[in-house]
$ cat input.pdb   # PDB, C-alpha atoms
ATOM      1  CA  MET M   1     136.873  85.554  36.543  1.00  0.00           C
ATOM      2  CA  ALA M   2     133.991  85.946  38.997  1.00  0.00           C
ATOM      3  CA  SER M   3     134.453  87.773  42.282  1.00  0.00           C
ATOM      4  CA  VAL M   4     132.702  87.861  45.647  1.00  0.00           C
ATOM      5  CA  ASN M   5     132.030  90.823  47.931  1.00  0.00           C
ATOM      6  CA  LYS M   6     130.095  89.464  50.904  1.00  0.00           C
ATOM      7  CA  VAL M   7     129.983  90.390  54.575  1.00  0.00           C
ATOM      8  CA  ILE M   8     128.206  88.566  57.401  1.00  0.00           C
ATOM      9  CA  LEU M   9     127.898  90.256  60.793  1.00  0.00           C
ATOM     10  CA  ILE M  10     126.308  89.196  64.048  1.00  0.00           C
ATOM     11  CA  GLY M  11     126.448  91.974  66.587  1.00  0.00           C
ATOM     12  CA  ASN M  12     124.574  94.485  68.697  1.00  0.00           C
ATOM     13  CA  CYS M  13     123.113  97.754  67.424  1.00  0.00           C
ATOM     14  CA  GLY M  14     124.905 100.752  68.857  1.00  0.00           C
ATOM     15  CA  ARG M  15     122.082 103.201  68.128  1.00  0.00           C
ATOM     16  CA  ASP M  16     118.552 103.338  66.796  1.00  0.00           C
ATOM     17  CA  PRO M  17     118.369 103.480  62.986  1.00  0.00           C
ATOM     18  CA  GLU M  18     118.391 106.880  61.310  1.00  0.00           C
ATOM     19  CA  ILE M  19     115.869 106.817  58.473  1.00  0.00           C
ATOM     20  CA  ARG M  20     115.750 109.313  55.641  1.00  0.00           C
ATOM     21  CA  TYR M  21     114.192 109.420  52.198  1.00  0.00           C
ATOM     22  CA  LEU M  22     116.038 110.345  49.022  1.00  0.00           C
ATOM     23  CA  PRO M  23     114.403 112.751  46.535  1.00  0.00           C
ATOM     24  CA  SER M  24     113.432 109.674  44.504  1.00  0.00           C
ATOM     25  CA  GLY M  25     111.395 108.422  47.486  1.00  0.00           C
ATOM     26  CA  GLN M  26     113.852 105.601  48.267  1.00  0.00           C
ATOM     27  CA  ALA M  27     114.135 104.858  52.010  1.00  0.00           C
ATOM     28  CA  VAL M  28     117.630 104.703  53.546  1.00  0.00           C
ATOM     29  CA  ALA M  29     118.441 103.614  57.119  1.00  0.00           C
ATOM     30  CA  ASN M  30     121.825 103.690  58.844  1.00  0.00           C
ATOM     31  CA  VAL M  31     122.877 101.837  62.008  1.00  0.00           C
ATOM     32  CA  SER M  32     126.105 101.047  63.800  1.00  0.00           C
ATOM     33  CA  VAL M  33     126.746  97.404  64.675  1.00  0.00           C
ATOM     34  CA  ALA M  34     129.302  96.343  67.278  1.00  0.00           C
ATOM     35  CA  THR M  35     131.121  93.015  67.057  1.00  0.00           C
ATOM     36  CA  SER M  36     133.416  91.843  69.844  1.00  0.00           C
ATOM     37  CA  THR M  37     136.151  89.264  70.236  1.00  0.00           C
ATOM     38  CA  ARG M  38     137.881  88.117  73.416  1.00  0.00           C
ATOM     39  CA  ARG M  39     141.427  86.947  73.910  1.00  0.00           C
ATOM     40  CA  LYS M  40     143.844  86.456  76.766  1.00  0.00           C
ATOM     41  CA  ASP M  41     146.847  88.725  77.123  1.00  0.00           C
ATOM     42  CA  LYS M  42     149.999  86.586  76.874  1.00  0.00           C
ATOM     43  CA  ASN M  43     151.858  88.560  79.532  1.00  0.00           C
ATOM     44  CA  THR M  44     149.208  89.188  82.181  1.00  0.00           C
ATOM     45  CA  GLY M  45     146.672  86.450  81.454  1.00  0.00           C
ATOM     46  CA  GLU M  46     143.870  89.015  81.554  1.00  0.00           C
ATOM     47  CA  SER M  47     140.887  88.682  79.251  1.00  0.00           C
ATOM     48  CA  ILE M  48     140.876  91.491  76.680  1.00  0.00           C
ATOM     49  CA  GLU M  49     137.766  92.392  74.708  1.00  0.00           C
ATOM     50  CA  ASP M  50     138.205  94.024  71.299  1.00  0.00           C
ATOM     51  CA  THR M  51     135.097  95.762  69.908  1.00  0.00           C
ATOM     52  CA  GLN M  52     134.828  96.809  66.260  1.00  0.00           C
ATOM     53  CA  TRP M  53     132.130  99.185  64.993  1.00  0.00           C
ATOM     54  CA  HIS M  54     130.584  98.752  61.547  1.00  0.00           C
ATOM     55  CA  ARG M  55     128.420 101.212  59.630  1.00  0.00           C
ATOM     56  CA  VAL M  56     125.493  99.413  57.991  1.00  0.00           C
ATOM     57  CA  THR M  57     123.169 100.933  55.383  1.00  0.00           C
ATOM     58  CA  PHE M  58     119.759  99.509  54.473  1.00  0.00           C
ATOM     59  CA  TYR M  59     117.775 100.550  51.391  1.00  0.00           C
ATOM     60  CA  ASP M  60     114.123 100.433  50.259  1.00  0.00           C
ATOM     61  CA  ARG M  61     111.796  98.050  52.120  1.00  0.00           C
ATOM     62  CA  LEU M  62     114.649  96.656  54.220  1.00  0.00           C
ATOM     63  CA  ALA M  63     115.333 100.214  55.466  1.00  0.00           C
ATOM     64  CA  GLU M  64     111.704 100.580  56.538  1.00  0.00           C
ATOM     65  CA  ILE M  65     111.798  97.206  58.322  1.00  0.00           C
ATOM     66  CA  ALA M  66     115.048  98.135  60.074  1.00  0.00           C
ATOM     67  CA  GLY M  67     113.571 101.475  61.130  1.00  0.00           C
ATOM     68  CA  GLU M  68     110.560  99.772  62.659  1.00  0.00           C
ATOM     69  CA  TYR M  69     112.155  96.764  64.397  1.00  0.00           C
ATOM     70  CA  VAL M  70     115.886  97.400  64.973  1.00  0.00           C
ATOM     71  CA  LYS M  71     116.616  99.118  68.291  1.00  0.00           C
ATOM     72  CA  LYS M  72     119.732 100.150  70.172  1.00  0.00           C
ATOM     73  CA  GLY M  73     121.316  97.213  72.040  1.00  0.00           C
ATOM     74  CA  ARG M  74     119.404  94.504  70.115  1.00  0.00           C
ATOM     75  CA  PRO M  75     121.407  91.673  68.517  1.00  0.00           C
ATOM     76  CA  ILE M  76     121.048  91.394  64.729  1.00  0.00           C
ATOM     77  CA  TYR M  77     122.384  89.314  61.848  1.00  0.00           C
ATOM     78  CA  VAL M  78     123.269  91.260  58.687  1.00  0.00           C
ATOM     79  CA  GLU M  79     124.420  90.095  55.264  1.00  0.00           C
ATOM     80  CA  GLY M  80     125.638  92.535  52.664  1.00  0.00           C
ATOM     81  CA  ARG M  81     128.563  93.862  50.681  1.00  0.00           C
ATOM     82  CA  LEU M  82     131.402  96.280  51.375  1.00  0.00           C
ATOM     83  CA  LYS M  83     131.296  99.746  49.842  1.00  0.00           C
ATOM     84  CA  TYR M  84     134.335 102.013  50.036  1.00  0.00           C
ATOM     85  CA  GLY M  85     134.128 105.789  49.734  1.00  0.00           C
ATOM     86  CA  LYS M  86     135.939 109.066  50.348  1.00  0.00           C
ATOM     87  CA  TYR M  87     134.916 112.482  51.577  1.00  0.00           C
ATOM     88  CA  THR M  88     136.614 115.714  52.571  1.00  0.00           C
ATOM     89  CA  ASP M  89     135.974 116.899  56.123  1.00  0.00           C
ATOM     90  CA  GLN M  90     135.443 120.528  57.182  1.00  0.00           C
ATOM     91  CA  SER M  91     139.169 121.126  57.625  1.00  0.00           C
ATOM     92  CA  GLY M  92     139.915 119.926  54.071  1.00  0.00           C
ATOM     93  CA  VAL M  93     141.346 116.520  55.043  1.00  0.00           C
ATOM     94  CA  GLU M  94     140.340 113.608  52.809  1.00  0.00           C
ATOM     95  CA  LYS M  95     138.875 110.681  54.783  1.00  0.00           C
ATOM     96  CA  ASN M  96     138.149 107.105  53.731  1.00  0.00           C
ATOM     97  CA  THR M  97     134.939 105.301  54.659  1.00  0.00           C
ATOM     98  CA  VAL M  98     133.813 101.668  54.692  1.00  0.00           C
ATOM     99  CA  ASP M  99     130.088 100.901  54.722  1.00  0.00           C
ATOM    100  CA  ILE M 100     128.211  97.639  54.622  1.00  0.00           C
ATOM    101  CA  VAL M 101     125.271  97.775  52.222  1.00  0.00           C
ATOM    102  CA  ALA M 102     122.842  95.264  53.729  1.00  0.00           C
ATOM    103  CA  THR M 103     120.911  92.786  51.600  1.00  0.00           C
ATOM    104  CA  GLU M 104     119.492  90.651  54.441  1.00  0.00           C
ATOM    105  CA  LEU M 105     118.533  91.219  58.051  1.00  0.00           C
ATOM    106  CA  GLN M 106     117.598  88.881  60.893  1.00  0.00           C
ATOM    107  CA  LEU M 107     116.480  90.092  64.276  1.00  0.00           C
ATOM    108  CA  LEU M 108     118.001  87.906  66.983  1.00  0.00           C
ATOM    109  CA  GLY M 109     116.928  87.403  70.566  1.00  0.00           C
ATOM    110  CA  GLY M 110     113.476  87.709  72.079  1.00  0.00           C
ATOM    111  CA  ARG M 111     110.833  90.332  71.512  1.00  0.00           C
ATOM    112  CA  GLU M 112     111.425  92.283  74.704  1.00  0.00           C
ATOM    113  CA  GLY M 113     110.267  95.842  74.352  1.00  0.00           C
ATOM    114  CA  MET M 114     108.269  95.101  71.197  1.00  0.00           C
ATOM    115  CA  GLY M 115     104.857  94.772  72.862  1.00  0.00           C
ATOM    116  CA  GLY M 116     104.455  91.012  72.594  1.00  0.00           C
ATOM    117  CA  PRO M 117     105.371  87.784  74.362  1.00  0.00           C
ATOM    118  CA  SER M 118     108.819  86.313  73.927  1.00  0.00           C
ATOM    119  CA  ASP M 119     109.224  84.082  70.888  1.00  0.00           C
ATOM    120  CA  ALA M 120     111.557  81.616  72.589  1.00  0.00           C
ATOM    121  CA  ASP M 121     111.092  77.950  71.735  1.00  0.00           C
ATOM    122  CA  GLU M 122     110.518  75.250  74.353  1.00  0.00           C
ATOM    123  CA  GLY M 123     114.259  74.948  74.987  1.00  0.00           C
ATOM    124  CA  GLY M 124     114.463  78.641  75.836  1.00  0.00           C
ATOM    125  CA  ALA M 125     116.478  79.575  72.730  1.00  0.00           C
ATOM    126  CA  PRO M 126     115.143  82.579  70.832  1.00  0.00           C
ATOM    127  CA  ALA M 127     113.939  82.026  67.290  1.00  0.00           C
ATOM    128  CA  PRO M 128     115.467  84.422  64.732  1.00  0.00           C
ATOM    129  CA  ARG M 129     113.196  86.394  62.423  1.00  0.00           C
ATOM    130  CA  ARG M 130     114.614  86.588  58.883  1.00  0.00           C
ATOM    131  CA  MET M 131     113.796  89.663  56.838  1.00  0.00           C
ATOM    132  CA  PRO M 132     115.152  89.564  53.270  1.00  0.00           C
ATOM    133  CA  ALA M 133     115.333  92.624  51.050  1.00  0.00           C
ATOM    134  CA  ALA M 134     112.167  91.503  49.255  1.00  0.00           C
ATOM    135  CA  ALA M 135     108.734  92.279  50.680  1.00  0.00           C
ATOM    136  CA  PRO M 136     107.683  89.953  53.526  1.00  0.00           C
ATOM    137  CA  ARG M 137     105.371  87.064  52.689  1.00  0.00           C
ATOM    138  CA  ALA M 138     101.803  87.243  53.970  1.00  0.00           C
ATOM    139  CA  ALA M 139     101.167  83.504  54.188  1.00  0.00           C
ATOM    140  CA  ALA M 140     103.216  80.680  55.650  1.00  0.00           C
ATOM    141  CA  PRO M 141     105.233  78.679  53.099  1.00  0.00           C
ATOM    142  CA  ALA M 142     103.657  75.512  51.765  1.00  0.00           C
ATOM    143  CA  PRO M 143     104.872  72.281  53.404  1.00  0.00           C
ATOM    144  CA  ARG M 144     107.609  70.464  51.516  1.00  0.00           C
ATOM    145  CA  GLN M 145     106.723  67.334  49.620  1.00  0.00           C
ATOM    146  CA  ALA M 146     108.650  64.117  50.092  1.00  0.00           C
ATOM    147  CA  PRO M 147     111.369  63.691  47.451  1.00  0.00           C
ATOM    148  CA  ALA M 148     110.469  61.514  44.501  1.00  0.00           C
ATOM    149  CA  PRO M 149     111.964  58.013  44.613  1.00  0.00           C
ATOM    150  CA  ARG M 150     115.194  57.743  42.638  1.00  0.00           C
ATOM    151  CA  PRO M 151     115.443  55.164  39.879  1.00  0.00           C
ATOM    152  CA  ALA M 152     117.801  52.238  40.490  1.00  0.00           C
ATOM    153  CA  SER M 153     121.233  53.095  39.139  1.00  0.00           C
ATOM    154  CA  GLY M 154     123.009  49.779  39.605  1.00  0.00           C
ATOM    155  CA  PHE M 155     125.246  51.315  42.300  1.00  0.00           C
ATOM    156  CA  ASP M 156     122.803  51.024  45.208  1.00  0.00           C
ATOM    157  CA  ASP M 157     124.678  48.129  46.819  1.00  0.00           C
ATOM    158  CA  MET M 158     128.066  49.923  46.862  1.00  0.00           C
ATOM    159  CA  ASP M 159     129.499  51.440  50.042  1.00  0.00           C
ATOM    160  CA  ASP M 160     129.800  55.209  50.284  1.00  0.00           C
ATOM    161  CA  ASP M 161     133.351  55.092  51.648  1.00  0.00           C
ATOM    162  CA  ILE M 162     134.833  57.536  49.175  1.00  0.00           C
ATOM    163  CA  PRO M 163     138.270  58.708  50.369  1.00  0.00           C
ATOM    164  CA  PHE M 164     137.877  62.333  49.246  1.00  0.00           C
TER     165      PHE M 164
END

$ encode --input "input.pdb" --output "structure tokens"
Amino acid sequence: MASVNKVILIGNCGRDPEIRYLPSGQAVANVSVATSTRRKDKNTGESIEDTQWHRVTFYDRLAEIAGEYVKKGRPIYVEGRLKYGKYTDQSGVEKNTVDIVATELQLLGGREGMGGPSDADEGGAPAPRRMPAAAPRAAAPAPRQAPAPRPASGFDDMDDDIPF
């Protein structure tokens, strides 16, 4: 049976990325991402905000991209997988860890503080910049062609009111 280990986060960076290089030359970057939810307290009616912190690890080219563009306080979109681990602290107590190994990154929001004009569209909404684990493309993608006409199947005059 197949299984799925996938995480999607949209949150704010809690610190600038820490970049290091393994002896093999592989780049590794670590960041903390905060996600928040709001709810009302049943007894007092007050709005309560619950913030969760997530450790995110980027590897290879994605680590270099994160190190260059991800900054503290900036909103980001991250896709990846969960990785569980254990370590023993200085006092000999065994601790459990949960990391998110990122496979995709999107920078959200404008380009404030990046030395360029804002990339907001005409409606004022910022355009996300998607950065997959693969190397970025140098040229814009080719325009899509119109789909080829479908041959007549004999069912073209039927309604599409399928009840399921």

$ closest_residue --input "input.pdb" --among "M:Ile10, M:Ala63, M:Tyr21, M:Asn96" --to "Thr37 of chain M" --atoms "only C-alpha atoms"
M:Ile10

$ atom_distance --input "input.pdb" --atom1 "atom CA of Arg38 of chain M" --atom2 "atom CA of Lys95 of chain M"
29.3 Å

$ atom_distance --input "input.pdb" --atom1 "atom CA of Ser3 of chain M" --atom2 "atom CA of Gln26 of chain M"
27.9 Å

$ resolve_selection --input "input.pdb" --expression "the PyMOL selection byres ((chain M and resi 79-89) around 8)" --output "list of chain:residue names"
M:Asn5, M:Lys6, M:Val7, M:Ile8, M:Leu9, M:Tyr77, M:Val78, M:Gln90, M:Ser91, M:Gly92, M:Val93, M:Glu94, M:Lys95, M:Asn96, M:Thr97, M:Val98, M:Asp99, M:Ile100, M:Val101, M:Ala102, M:Thr103, M:Glu104, M:Leu105

$ atom_distance --input "input.pdb" --atom1 "atom CA of Arg39 of chain M" --atom2 "atom CA of Gln106 of chain M"
27.2 Å

$ axis_aligned_box --input "input.pdb" --around "segment 64-76 of chain M" --padding-each-side "5 Å" --output "JSON"
{"center_x": 116.0, "center_y": 96.4, "center_z": 64.3, "size_x": 20.8, "size_y": 20.1, "size_z": 25.5}

$ resolve_selection --input "input.pdb" --expression "the PyMOL selection byres ((chain M and resi 29) around 12)" --output "PyMOL selection string"
chain M and resi 15-22+26-28+30-32+55-70+100-102

$ resolve_selection --input "input.pdb" --expression "the PyMOL selection byres ((chain M and resi 53) around 10)" --output "number ranges by chain"
M: 11-14, 32-36, 51-52, 54-56

$ decode --input "input.pdb" --residues "segment 53-86 of chain M" --atoms "N, CA and C atoms" --output "mmCIF file, in the first residue's frame"
data_model
loop_
_atom_site.group_PDB
_atom_site.id
_atom_site.type_symbol
_atom_site.label_atom_id
_atom_site.label_comp_id
_atom_site.auth_asym_id
_atom_site.auth_seq_id
_atom_site.Cartn_x
_atom_site.Cartn_y
_atom_site.Cartn_z
ATOM 1 N N TRP M 53 5.395 26.869 16.194
ATOM 2 C CA TRP M 53 6.672 27.064 15.516
ATOM 3 C C TRP M 53 7.103 25.760 14.867
ATOM 4 N N HIS M 54 7.590 25.861 13.635
ATOM 5 C CA HIS M 54 7.999 24.691 12.859
ATOM 6 C C HIS M 54 9.442 24.871 12.406
ATOM 7 N N ARG M 55 10.237 23.829 12.564
ATOM 8 C CA ARG M 55 11.616 23.856 12.066
ATOM 9 C C ARG M 55 11.612 23.334 10.639
ATOM 10 N N VAL M 56 12.151 24.126 9.720
ATOM 11 C CA VAL M 56 12.164 23.764 8.300
ATOM 12 C C VAL M 56 13.614 23.691 7.838
ATOM 13 N N THR M 57 13.941 22.617 7.108
ATOM 14 C CA THR M 57 15.282 22.418 6.572
ATOM 15 C C THR M 57 15.224 22.373 5.055
ATOM 16 N N PHE M 58 16.084 23.164 4.417
ATOM 17 C CA PHE M 58 16.219 23.179 2.963
ATOM 18 C C PHE M 58 17.567 22.579 2.600
ATOM 19 N N TYR M 59 17.636 21.873 1.474
ATOM 20 C CA TYR M 59 18.880 21.275 1.011
ATOM 21 C C TYR M 59 19.226 21.758 -0.392
ATOM 22 N N ASP M 60 20.515 21.648 -0.740
ATOM 23 C CA ASP M 60 21.052 21.899 -2.075
ATOM 24 C C ASP M 60 20.697 23.296 -2.586
ATOM 25 N N ARG M 61 20.243 23.390 -3.807
ATOM 26 C CA ARG M 61 19.961 24.688 -4.439
ATOM 27 C C ARG M 61 18.852 25.439 -3.702
ATOM 28 N N LEU M 62 17.867 24.704 -3.190
ATOM 29 C CA LEU M 62 16.779 25.339 -2.453
ATOM 30 C C LEU M 62 17.310 26.004 -1.174
ATOM 31 N N ALA M 63 18.334 25.418 -0.563
ATOM 32 C CA ALA M 63 18.961 26.020 0.621
ATOM 33 C C ALA M 63 19.641 27.332 0.256
ATOM 34 N N GLU M 64 20.316 27.360 -0.891
ATOM 35 C CA GLU M 64 20.976 28.588 -1.327
ATOM 36 C C GLU M 64 19.960 29.679 -1.648
ATOM 37 N N ILE M 65 18.852 29.299 -2.284
ATOM 38 C CA ILE M 65 17.788 30.261 -2.595
ATOM 39 C C ILE M 65 17.182 30.805 -1.307
ATOM 40 N N ALA M 66 16.906 29.909 -0.361
ATOM 41 C CA ALA M 66 16.338 30.341 0.924
ATOM 42 C C ALA M 66 17.298 31.285 1.634
ATOM 43 N N GLY M 67 18.583 30.975 1.612
ATOM 44 C CA GLY M 67 19.569 31.826 2.266
ATOM 45 C C GLY M 67 19.640 33.210 1.663
ATOM 46 N N GLU M 68 19.394 33.311 0.375
ATOM 47 C CA GLU M 68 19.478 34.599 -0.304
ATOM 48 C C GLU M 68 18.203 35.426 -0.163
ATOM 49 N N TYR M 69 17.030 34.799 -0.215
ATOM 50 C CA TYR M 69 15.774 35.547 -0.308
ATOM 51 C C TYR M 69 14.891 35.506 0.944
ATOM 52 N N VAL M 70 14.977 34.483 1.755
ATOM 53 C CA VAL M 70 14.110 34.371 2.933
ATOM 54 C C VAL M 70 14.692 35.227 4.054
ATOM 55 N N LYS M 71 13.857 36.065 4.643
ATOM 56 C CA LYS M 71 14.290 36.949 5.728
ATOM 57 C C LYS M 71 13.309 36.864 6.891
ATOM 58 N N LYS M 72 13.795 37.201 8.058
ATOM 59 C CA LYS M 72 12.964 37.201 9.262
ATOM 60 C C LYS M 72 11.731 38.066 9.050
ATOM 61 N N GLY M 73 10.548 37.529 9.429
ATOM 62 C CA GLY M 73 9.293 38.267 9.343
ATOM 63 C C GLY M 73 8.576 38.135 8.014
ATOM 64 N N ARG M 74 9.235 37.617 6.975
ATOM 65 C CA ARG M 74 8.627 37.498 5.647
ATOM 66 C C ARG M 74 7.701 36.293 5.592
ATOM 67 N N PRO M 75 6.534 36.429 4.939
ATOM 68 C CA PRO M 75 5.646 35.274 4.775
ATOM 69 C C PRO M 75 6.167 34.349 3.667
ATOM 70 N N ILE M 76 6.107 33.039 3.916
ATOM 71 C CA ILE M 76 6.531 32.059 2.922
ATOM 72 C C ILE M 76 5.556 30.885 2.880
ATOM 73 N N TYR M 77 5.575 30.200 1.754
ATOM 74 C CA TYR M 77 4.827 28.961 1.541
ATOM 75 C C TYR M 77 5.872 27.862 1.400
ATOM 76 N N VAL M 78 5.712 26.775 2.160
ATOM 77 C CA VAL M 78 6.667 25.671 2.131
ATOM 78 C C VAL M 78 5.909 24.364 1.957
ATOM 79 N N GLU M 79 6.402 23.523 1.076
ATOM 80 C CA GLU M 79 5.929 22.138 0.959
ATOM 81 C C GLU M 79 7.094 21.241 1.304
ATOM 82 N N GLY M 80 6.789 20.116 1.951
ATOM 83 C CA GLY M 80 7.850 19.183 2.292
ATOM 84 C C GLY M 80 7.300 17.945 2.956
ATOM 85 N N ARG M 81 8.177 17.287 3.712
ATOM 86 C CA ARG M 81 7.796 16.056 4.405
ATOM 87 C C ARG M 81 8.287 16.126 5.848
ATOM 88 N N LEU M 82 7.623 15.376 6.719
ATOM 89 C CA LEU M 82 8.019 15.321 8.120
ATOM 90 C C LEU M 82 9.187 14.362 8.294
ATOM 91 N N LYS M 83 10.106 14.745 9.187
ATOM 92 C CA LYS M 83 11.228 13.875 9.529
ATOM 93 C C LYS M 83 11.368 13.894 11.047
ATOM 94 N N TYR M 84 11.246 12.740 11.660
ATOM 95 C CA TYR M 84 11.342 12.609 13.107
ATOM 96 C C TYR M 84 12.753 12.175 13.491
ATOM 97 N N GLY M 85 13.225 12.669 14.631
ATOM 98 C CA GLY M 85 14.558 12.297 15.095
ATOM 99 C C GLY M 85 14.640 12.347 16.604
ATOM 100 N N LYS M 86 15.783 11.903 17.126
ATOM 101 C CA LYS M 86 16.052 11.919 18.562
ATOM 102 C C LYS M 86 17.482 12.378 18.780
#
